[in-house]
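Q: Dropping in final-v6.txt, which is compact mmCIF, C-alpha atoms:
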```txt
# COMPACT_ATOMS: atom_id res chain seq x y z
CA MET A 1 78.48 97.47 120.63
CA ASP A 2 80.62 94.39 121.17
CA VAL A 3 83.04 94.30 118.23
CA SER A 4 83.54 90.59 118.84
CA LEU A 5 80.17 90.13 117.17
CA CYS A 6 81.31 91.96 114.02
CA PRO A 7 82.41 89.81 111.08
CA VAL A 8 86.07 89.00 111.19
CA LEU A 9 87.71 90.62 108.18
CA LEU A 10 89.76 87.61 107.21
CA GLN A 11 89.06 83.92 107.43
CA LEU A 12 90.77 81.55 109.83
CA THR A 13 94.19 80.39 108.81
CA VAL A 14 95.81 77.09 109.78
CA ALA A 15 98.83 77.79 111.89
CA TRP A 16 100.32 74.39 112.53
CA SER A 17 99.40 70.93 111.48
CA SER A 18 100.98 67.51 111.19
CA GLY A 19 100.13 64.00 110.24
CA SER A 20 99.19 63.40 113.88
CA GLY A 21 96.10 65.60 113.45
CA PHE A 22 97.06 68.59 115.64
CA ARG A 23 96.03 72.01 114.32
CA VAL A 24 95.53 75.45 115.90
CA GLU A 25 93.45 78.16 114.19
CA GLN A 26 93.01 81.89 114.86
CA PRO A 27 91.59 84.86 112.90
CA LYS A 28 94.29 86.98 111.29
CA TYR A 29 92.87 90.37 112.25
CA ILE A 30 90.30 91.85 114.64
CA GLU A 31 89.50 95.52 115.16
CA ALA A 32 88.12 97.03 118.37
CA VAL A 33 87.33 100.47 119.75
CA VAL A 34 88.65 101.88 123.02
CA ASP A 35 86.68 100.80 126.16
CA GLU A 36 84.80 98.01 124.36
CA SER A 37 85.25 94.23 124.64
CA VAL A 38 86.64 91.86 122.03
CA THR A 39 86.87 88.08 121.73
CA LEU A 40 90.15 86.49 120.63
CA THR A 41 89.06 83.22 119.07
CA CYS A 42 91.14 80.03 119.24
CA THR A 43 90.04 76.59 118.01
CA PHE A 44 92.09 73.42 117.61
CA THR A 45 91.95 69.74 116.75
CA HIS A 46 93.66 66.84 118.46
CA PRO A 47 93.27 63.11 119.04
CA GLU A 48 90.88 62.18 121.82
CA ILE A 49 92.16 63.24 125.25
CA SER A 50 90.46 61.75 128.26
CA SER A 51 91.65 64.08 131.04
CA LEU A 52 91.28 67.85 131.26
CA ARG A 53 94.65 67.95 133.01
CA ASP A 54 96.24 66.80 129.74
CA ILE A 55 95.33 70.12 128.04
CA ASP A 56 96.39 73.65 128.91
CA ILE A 57 95.70 76.90 127.06
CA ARG A 58 98.11 79.81 127.20
CA TRP A 59 98.09 83.22 125.54
CA LYS A 60 100.98 85.59 124.89
CA VAL A 61 101.68 88.73 122.88
CA ARG A 62 104.36 88.36 120.25
CA LYS A 63 105.41 84.86 119.28
CA ASN A 64 108.81 84.89 120.98
CA HIS A 65 107.67 86.74 124.08
CA LYS A 66 108.69 84.74 127.15
CA THR A 67 105.87 85.97 129.41
CA ASP A 68 102.37 84.52 129.21
CA ILE A 69 99.51 86.96 129.61
CA PHE A 70 97.09 84.14 130.49
CA ARG A 71 97.24 80.49 131.57
CA TYR A 72 94.12 78.35 131.84
CA LEU A 73 95.13 75.64 134.31
CA ASP A 74 96.87 78.08 136.67
CA ASN A 75 94.04 80.63 136.35
CA TYR A 76 96.84 83.16 135.82
CA THR A 77 96.50 86.63 134.25
CA LEU A 78 99.38 89.08 133.79
CA ASN A 79 99.02 92.16 135.99
CA VAL A 80 98.58 94.63 133.13
CA PHE A 81 95.55 92.59 132.00
CA GLY A 82 94.33 91.95 135.56
CA GLY A 83 90.52 91.69 135.74
CA ARG A 84 90.19 92.19 131.98
CA ILE A 85 90.52 88.62 130.63
CA ASN A 86 87.78 85.99 130.79
CA PHE A 87 88.32 82.46 129.50
CA LEU A 88 85.56 81.41 127.08
CA GLY A 89 87.06 78.17 125.86
CA SER A 90 86.08 74.58 126.45
CA PRO A 91 89.31 72.66 125.72
CA LEU A 92 88.08 69.12 126.32
CA ARG A 93 84.49 69.32 125.04
CA ASP A 94 84.61 71.87 122.20
CA LYS A 95 88.36 72.08 121.53
CA THR A 96 88.41 75.85 122.00
CA GLY A 97 90.67 78.18 123.95
CA SER A 98 89.15 81.60 123.26
CA ILE A 99 89.42 84.56 125.62
CA ARG A 100 87.52 87.85 125.94
CA LEU A 101 89.45 91.04 126.60
CA HIS A 102 87.46 93.80 128.32
CA ARG A 103 87.87 97.59 128.39
CA VAL A 104 90.46 97.57 125.63
CA GLU A 105 92.96 100.37 125.33
CA GLU A 106 94.97 101.60 122.36
CA ARG A 107 98.09 100.14 123.96
CA ASP A 108 96.46 96.68 123.77
CA THR A 109 97.18 96.76 120.02
CA ASN A 110 99.46 93.80 119.43
CA MET A 111 99.69 90.29 117.97
CA TYR A 112 98.16 87.65 120.25
CA PHE A 113 99.13 83.98 120.09
CA CYS A 114 97.07 81.05 121.36
CA ILE A 115 99.22 78.17 122.60
CA VAL A 116 97.67 74.74 123.09
CA VAL A 117 99.68 72.46 125.39
CA ILE A 118 98.80 68.77 125.05
CA LEU A 119 100.68 66.22 127.12
CA GLY A 120 103.55 68.66 127.52
CA GLU A 121 103.86 69.52 123.80
CA GLU A 122 103.16 73.11 122.69
CA TYR A 123 101.33 73.96 119.48
CA THR A 124 101.14 77.67 118.61
CA GLY A 125 98.52 79.39 116.48
CA PRO A 126 99.34 81.83 113.64
CA GLY A 127 98.51 84.82 115.81
CA THR A 128 95.73 87.41 115.73
CA VAL A 129 96.49 91.09 115.13
CA LEU A 130 94.30 93.14 117.46
CA SER A 131 94.02 96.78 116.41
CA VAL A 132 92.40 99.07 118.98
CA GLN A 133 91.19 102.33 117.46
CA ALA A 134 90.41 105.58 119.26
CA ARG A 135 86.85 106.85 119.19
CA THR A 136 86.06 109.14 116.27
CA GLY A 137 84.88 112.75 116.45
CA ASP A 138 88.08 114.29 117.80
CA ARG A 139 89.16 117.21 115.57
CA GLY A 140 92.39 117.70 117.47
CA PHE A 141 95.81 116.23 116.73
CA ARG A 142 95.26 112.70 115.47
CA VAL A 143 96.89 110.23 113.07
CA LYS A 144 94.84 107.64 111.19
CA GLN A 145 96.31 104.38 109.82
CA MET A 146 94.83 101.13 108.54
CA GLY A 147 95.02 98.42 111.18
CA TYR A 148 95.98 95.55 108.87
CA LEU A 149 97.39 95.12 105.37
CA GLU A 150 98.41 92.03 103.43
CA ALA A 151 100.76 91.93 100.44
CA ALA A 152 102.74 89.39 98.42
CA GLU A 153 106.47 88.82 98.67
CA ASN A 154 108.51 90.62 95.95
CA GLY A 155 105.58 92.98 95.36
CA SER A 156 104.81 96.42 96.75
CA VAL A 157 102.29 97.94 99.15
CA ILE A 158 101.08 101.41 100.13
CA LEU A 159 101.02 102.16 103.86
CA PRO A 160 98.39 104.92 104.19
CA CYS A 161 98.70 107.70 106.77
CA SER A 162 96.41 110.69 107.20
CA PHE A 163 96.11 113.15 110.07
CA THR A 164 94.18 116.08 111.50
CA TYR A 165 94.98 119.08 113.68
CA PRO A 166 92.79 121.84 115.21
CA ASP A 167 91.37 124.45 112.86
CA THR A 168 93.02 127.14 114.97
CA TYR A 169 96.48 125.66 114.40
CA THR A 170 98.45 126.80 111.32
CA PRO A 171 101.61 124.79 110.64
CA ARG A 172 104.54 126.31 108.78
CA ASP A 173 106.02 122.91 107.95
CA ILE A 174 105.19 119.24 108.58
CA HIS A 175 107.64 116.36 108.76
CA ILE A 176 106.65 112.69 108.43
CA THR A 177 108.62 109.91 110.10
CA TRP A 178 107.93 106.18 109.76
CA LYS A 179 109.03 103.61 112.33
CA VAL A 180 108.89 99.82 112.43
CA GLY A 181 108.51 97.32 115.26
CA GLY A 182 106.65 99.32 117.89
CA PHE A 183 105.48 102.72 119.10
CA HIS A 184 109.10 103.58 119.93
CA GLY A 185 110.47 101.44 117.11
CA THR A 186 113.32 101.88 114.65
CA LYS A 187 113.15 104.85 112.26
CA ILE A 188 113.06 103.77 108.62
CA PHE A 189 112.03 107.00 106.82
CA ASP A 190 112.22 110.78 107.38
CA SER A 191 110.50 113.12 104.92
CA SER A 192 112.45 116.20 106.02
CA GLN A 193 115.42 115.12 103.91
CA ASN A 194 113.70 112.23 102.10
CA ASN A 195 116.01 109.81 103.93
CA THR A 196 115.50 106.05 104.14
CA PHE A 197 117.39 103.99 106.72
CA GLY A 198 118.79 100.49 107.19
CA GLU A 199 117.55 97.62 105.07
CA TYR A 200 114.76 99.85 103.73
CA GLN A 201 117.16 102.02 101.71
CA GLY A 202 115.99 102.26 98.12
CA ARG A 203 112.69 100.56 98.95
CA ILE A 204 110.50 103.44 100.23
CA GLU A 205 108.73 106.02 98.05
CA PHE A 206 107.08 108.97 99.78
CA LEU A 207 103.52 109.53 98.50
CA GLY A 208 102.32 111.98 101.13
CA SER A 209 101.34 115.62 100.79
CA PRO A 210 101.54 116.81 104.42
CA LEU A 211 100.74 120.51 104.03
CA ARG A 212 98.24 120.29 101.20
CA ASN A 213 96.33 117.06 101.89
CA LYS A 214 97.38 116.14 105.43
CA THR A 215 98.79 112.79 104.30
CA GLY A 216 102.07 111.00 104.98
CA SER A 217 101.66 107.71 103.08
CA ILE A 218 104.58 105.68 101.74
CA ARG A 219 105.00 102.86 99.25
CA LEU A 220 107.22 99.94 100.29
CA VAL A 221 108.64 97.92 97.38
CA ALA A 222 110.58 94.66 96.90
CA LEU A 223 108.77 93.16 99.87
CA LYS A 224 110.44 90.46 101.95
CA ALA A 225 108.98 87.93 104.36
CA ASN A 226 110.68 89.65 107.30
CA ASP A 227 108.91 92.93 106.42
CA SER A 228 105.89 91.53 108.31
CA ASN A 229 105.66 93.90 111.25
CA PHE A 230 103.94 96.92 112.82
CA TYR A 231 104.54 100.28 111.08
CA PHE A 232 103.93 103.67 112.71
CA CYS A 233 103.52 107.09 111.10
CA LEU A 234 104.80 110.00 113.22
CA VAL A 235 103.66 113.54 112.30
CA THR A 236 105.67 116.54 113.52
CA CYS A 237 104.28 120.06 112.96
CA PHE A 238 106.19 123.34 113.11
CA ASN A 239 104.82 126.88 113.29
CA ASP A 240 106.27 130.32 114.05
CA SER A 241 105.16 130.70 117.65
CA ASP A 242 105.15 127.32 119.41
CA LYS A 243 107.55 124.43 119.83
CA PRO A 244 107.24 121.54 117.36
CA ILE A 245 104.30 119.23 118.08
CA GLY A 246 104.60 115.52 117.28
CA TRP A 247 101.99 112.78 117.47
CA GLN A 248 101.34 109.34 116.01
CA SER A 249 98.87 106.47 115.97
CA ILE A 250 99.25 104.16 118.96
CA SER A 251 97.99 101.11 117.07
CA GLY A 252 99.89 101.60 113.78
CA THR A 253 99.51 99.26 110.80
CA PHE A 254 100.39 95.58 110.81
CA LEU A 255 101.75 94.46 107.44
CA SER A 256 101.61 90.75 106.68
CA VAL A 257 103.84 89.68 103.78
CA ARG A 258 102.90 86.28 102.37
CA ALA A 259 105.02 84.09 100.11
CA ILE A 260 103.90 84.21 96.48
CA THR A 261 102.84 80.91 94.91
CA VAL A 262 103.98 79.47 91.57
CA THR A 263 100.50 80.11 90.18
CA GLU A 264 100.69 83.77 91.15
CA GLU A 265 104.15 84.07 89.60
CA MET A 266 102.77 82.76 86.29
CA ARG A 267 99.75 85.04 86.54
CA ASN A 268 102.02 88.04 86.99
CA LEU A 269 103.79 87.39 83.71
CA SER A 270 102.58 89.51 80.80
CA HIS A 271 100.69 87.85 77.96
CA GLY A 272 103.61 88.65 75.67
CA SER A 273 106.05 86.87 77.99
CA ILE A 274 103.81 83.82 78.17
CA LEU A 275 103.49 83.77 74.35
CA MET A 276 107.27 83.99 73.98
CA ILE A 277 107.73 81.12 76.40
CA ARG A 278 105.18 78.98 74.58
CA THR A 279 106.75 79.74 71.18
CA ALA A 280 110.22 78.89 72.46
CA LEU A 281 108.95 75.60 73.89
CA VAL A 282 107.24 74.62 70.62
CA LEU A 283 110.30 75.50 68.51
CA GLY A 284 112.54 73.63 70.90
CA LEU A 285 110.31 70.57 70.67
CA LEU A 286 110.25 70.69 66.86
CA VAL A 287 114.04 70.99 66.68
CA ALA A 288 114.41 68.06 69.06
CA VAL A 289 112.02 65.85 67.03
CA TRP A 290 113.75 66.78 63.75
CA THR A 291 117.20 66.03 65.19
CA VAL A 292 116.14 62.66 66.59
CA GLY A 293 114.42 61.76 63.29
CA ILE A 294 117.53 62.49 61.21
CA TYR A 295 119.66 60.53 63.63
CA LEU A 296 117.40 57.46 63.46
CA ILE A 297 117.28 57.53 59.65
CA LYS A 298 121.05 57.59 59.43
CA ARG A 299 121.43 54.82 61.99
CA ASN A 300 118.74 52.44 60.52
CA PRO A 301 120.49 49.41 58.78
CA VAL A 302 117.53 48.67 56.52
CA THR A 303 117.40 52.22 55.31
CA ASP A 304 121.16 52.17 54.69
CA ALA A 305 120.98 48.92 52.71
CA THR A 306 118.07 50.11 50.61
CA SER A 307 119.87 53.34 49.94
CA ARG A 308 122.99 51.46 48.80
CA GLY A 309 120.91 49.17 46.52
CA LEU A 310 119.23 52.10 44.84
CA LYS A 311 122.56 53.75 44.23
CA LYS A 312 123.94 50.52 42.68
CA GLU A 313 120.97 50.08 40.33
CA THR A 314 121.21 53.69 39.23
CA PHE A 315 124.90 53.16 38.43
CA GLN A 316 124.19 50.02 36.35
CA GLU A 317 121.49 51.79 34.36
CA THR A 318 123.93 54.54 33.61
CA GLN A 319 126.47 52.00 32.28
CA LEU A 320 123.92 50.54 29.90
```
Is it possible to give me this structure as structure tokens?
A:
Amino acid sequence: MDVSLCPVLLQLTVAWSSGSGFRVEQPKYIEAVVDESVTLTCTFTHPEISSLRDIDIRWKVRKNHKTDIFRYLDNYTLNVFGGRINFLGSPLRDKTGSIRLHRVEERDTNMYFCIVVILGEEYTGPGTVLSVQARTGDRGFRVKQMGYLEAAENGSVILPCSFTYPDTYTPRDIHITWKVGGFHGTKIFDSSQNNTFGEYQGRIEFLGSPLRNKTGSIRLVALKANDSNFYFCLVTCFNDSDKPIGWQSISGTFLSVRAITVTEEMRNLSHGSILMIRTALVLGLLVAVWTVGIYLIKRNPVTDATSRGLKKETFQETQL
């Protein structure tokens, strides 16, 4: 089965646009299985270009990575992808720069960026997270994580982690470690002492039950934009006879933290809070109208004169 034919889980997102009409689009997330092929889609818009030499398509992993893995005009492919990338795009006719990656491996899990170069100017897409999963059916040591999660800034998200080990293996204790950034990334949580590290201190809650349910999930709270990254769950088992055994998912989970909109902020308010705000606004408006009305009455010359005349007539009637 070619997973490139499967429905993409999330719709295309505009990565870059300007009044000049340039825009690059990519799917946010694609999942593949080891040894299969997958298509990394890239489409774009631009003013009419007459020469094919005016357009180049480049691909790289990670946005700030200096090395291209593919270049269209040079017919260049990075050695590690040698013989595994085919260009499917038609830059001039169809405004596409898609590539197909063959015989995918778990280590191919990464974020892939399509770069459209027009007349020397580079326009970069939002990136596609490719998650390559191992084939199922293995009852040995294995960690399972979701390939992609999306959450709102200032909110929270659960990063699931479950695992298996052989039926003949009986662990005495199981430790869960979470890392960020890559397979050998920075440690942010250790369940052995319930420790959280770095900027994640106070923001991670351990939800796992390693011995009972074979889980090592965590909840990450007070999300920030820079929390968007790959997260890896490492499982380390201990028993009485062997050395500790540790294993983790190669692909991990990519967490995308999006900025929350004003509409979402209002929606998150409780009905009671909204009612209090409305009541305060109405009372404030009434007080303002009343204050302005009193001020105008006092300042109106006609009203003052009439008031003085009435007082004078009342006085004369009293004298009579």
Q: When you count all atoms listed in the file, which of these residues is closest to A:Phe44: A:Asp167, A:Glu121, A:Asp94, A:Asp242?
A: A:Asp94
Q: Quick one: of A:Ser256, A:Asn229, A:Thr109, A:Thr96, who's nearest to A:Gln133, counting only C-alpha atoms?
A: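 Result for the nearest residue to A:Gln133: A:Thr109.
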Q: Go through A:Ile174, A:Arg71, A:Leu119, A:Gln145 and flag the residue nearest A:Asn213, using only C-alpha atoms for the distances.
A: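 Comparing A:Ile174, A:Arg71, A:Leu119, A:Gln145 against A:Asn213, the winner is A:Ile174.
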Q: One decimal, Å: what's the distance from atom CA of A:Phe81 over to atom CA of A:Gly252, could you say?
A: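 Computing the Euclidean distance for atom CA of A:Phe81 and atom CA of A:Gly252 yields 20.8 Å.
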Q: Which is closer to A:Asn86 than all the others in A:Thr67, A:Ser217, A:Leu40, A:Cys161, using only C-alpha atoms?
A: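 Looking only at the distances to A:Asn86, the closest residue turns out to be A:Leu40.
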Q: Using only C-alpha atoms, which residue out of A:Met146, A:Val61, A:Ala32, A:Cys233 lies closest to A:Gly125?
A: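 Of A:Met146, A:Val61, A:Ala32, A:Cys233, the one nearest A:Gly125, counting only C-alpha atoms, is A:Val61.
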Q: Quick one: everything within 9 Å of A:Glu205, counting all atoms listed in the file, minus sequence neighbours fewer than 4 positions away in the same chain. Send it as a PyMOL selection string.
A: chain A and resi 194+217-221
Q: Deliver the residues from the most recent selection as a file, using C-alpha atoms, as a PDB file, keeping the file's coordinate frame.
A:
```
ATOM      1  CA  ASN A 194     113.700 112.230 102.100  1.00  0.00           C
ATOM      2  CA  SER A 217     101.660 107.710 103.080  1.00  0.00           C
ATOM      3  CA  ILE A 218     104.580 105.680 101.740  1.00  0.00           C
ATOM      4  CA  ARG A 219     105.000 102.860  99.250  1.00  0.00           C
ATOM      5  CA  LEU A 220     107.220  99.940 100.290  1.00  0.00           C
ATOM      6  CA  VAL A 221     108.640  97.920  97.380  1.00  0.00           C
TER       7      VAL A 221
END
```
Q: Atom CA of A:Gly208 and atom CA of A:Pro171, how far apart in Å?
A: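 If I compute the distance from atom CA of A:Pro171 to atom CA of A:Gly208, I get 16.0 Å.
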Q: Quick one: distance from atom CA of A:Ser131 to atom CA of A:Pro244 in Å, one decimal?
A: 28.1 Å
Q: Can you work out which one of A:Trp59, A:Gly155, A:Val143, A:Phe189 has the shortest atom-to-atom distance to A:Gly202, counting only C-alpha atoms?
A: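 Result for the nearest residue to A:Gly202: A:Phe189.
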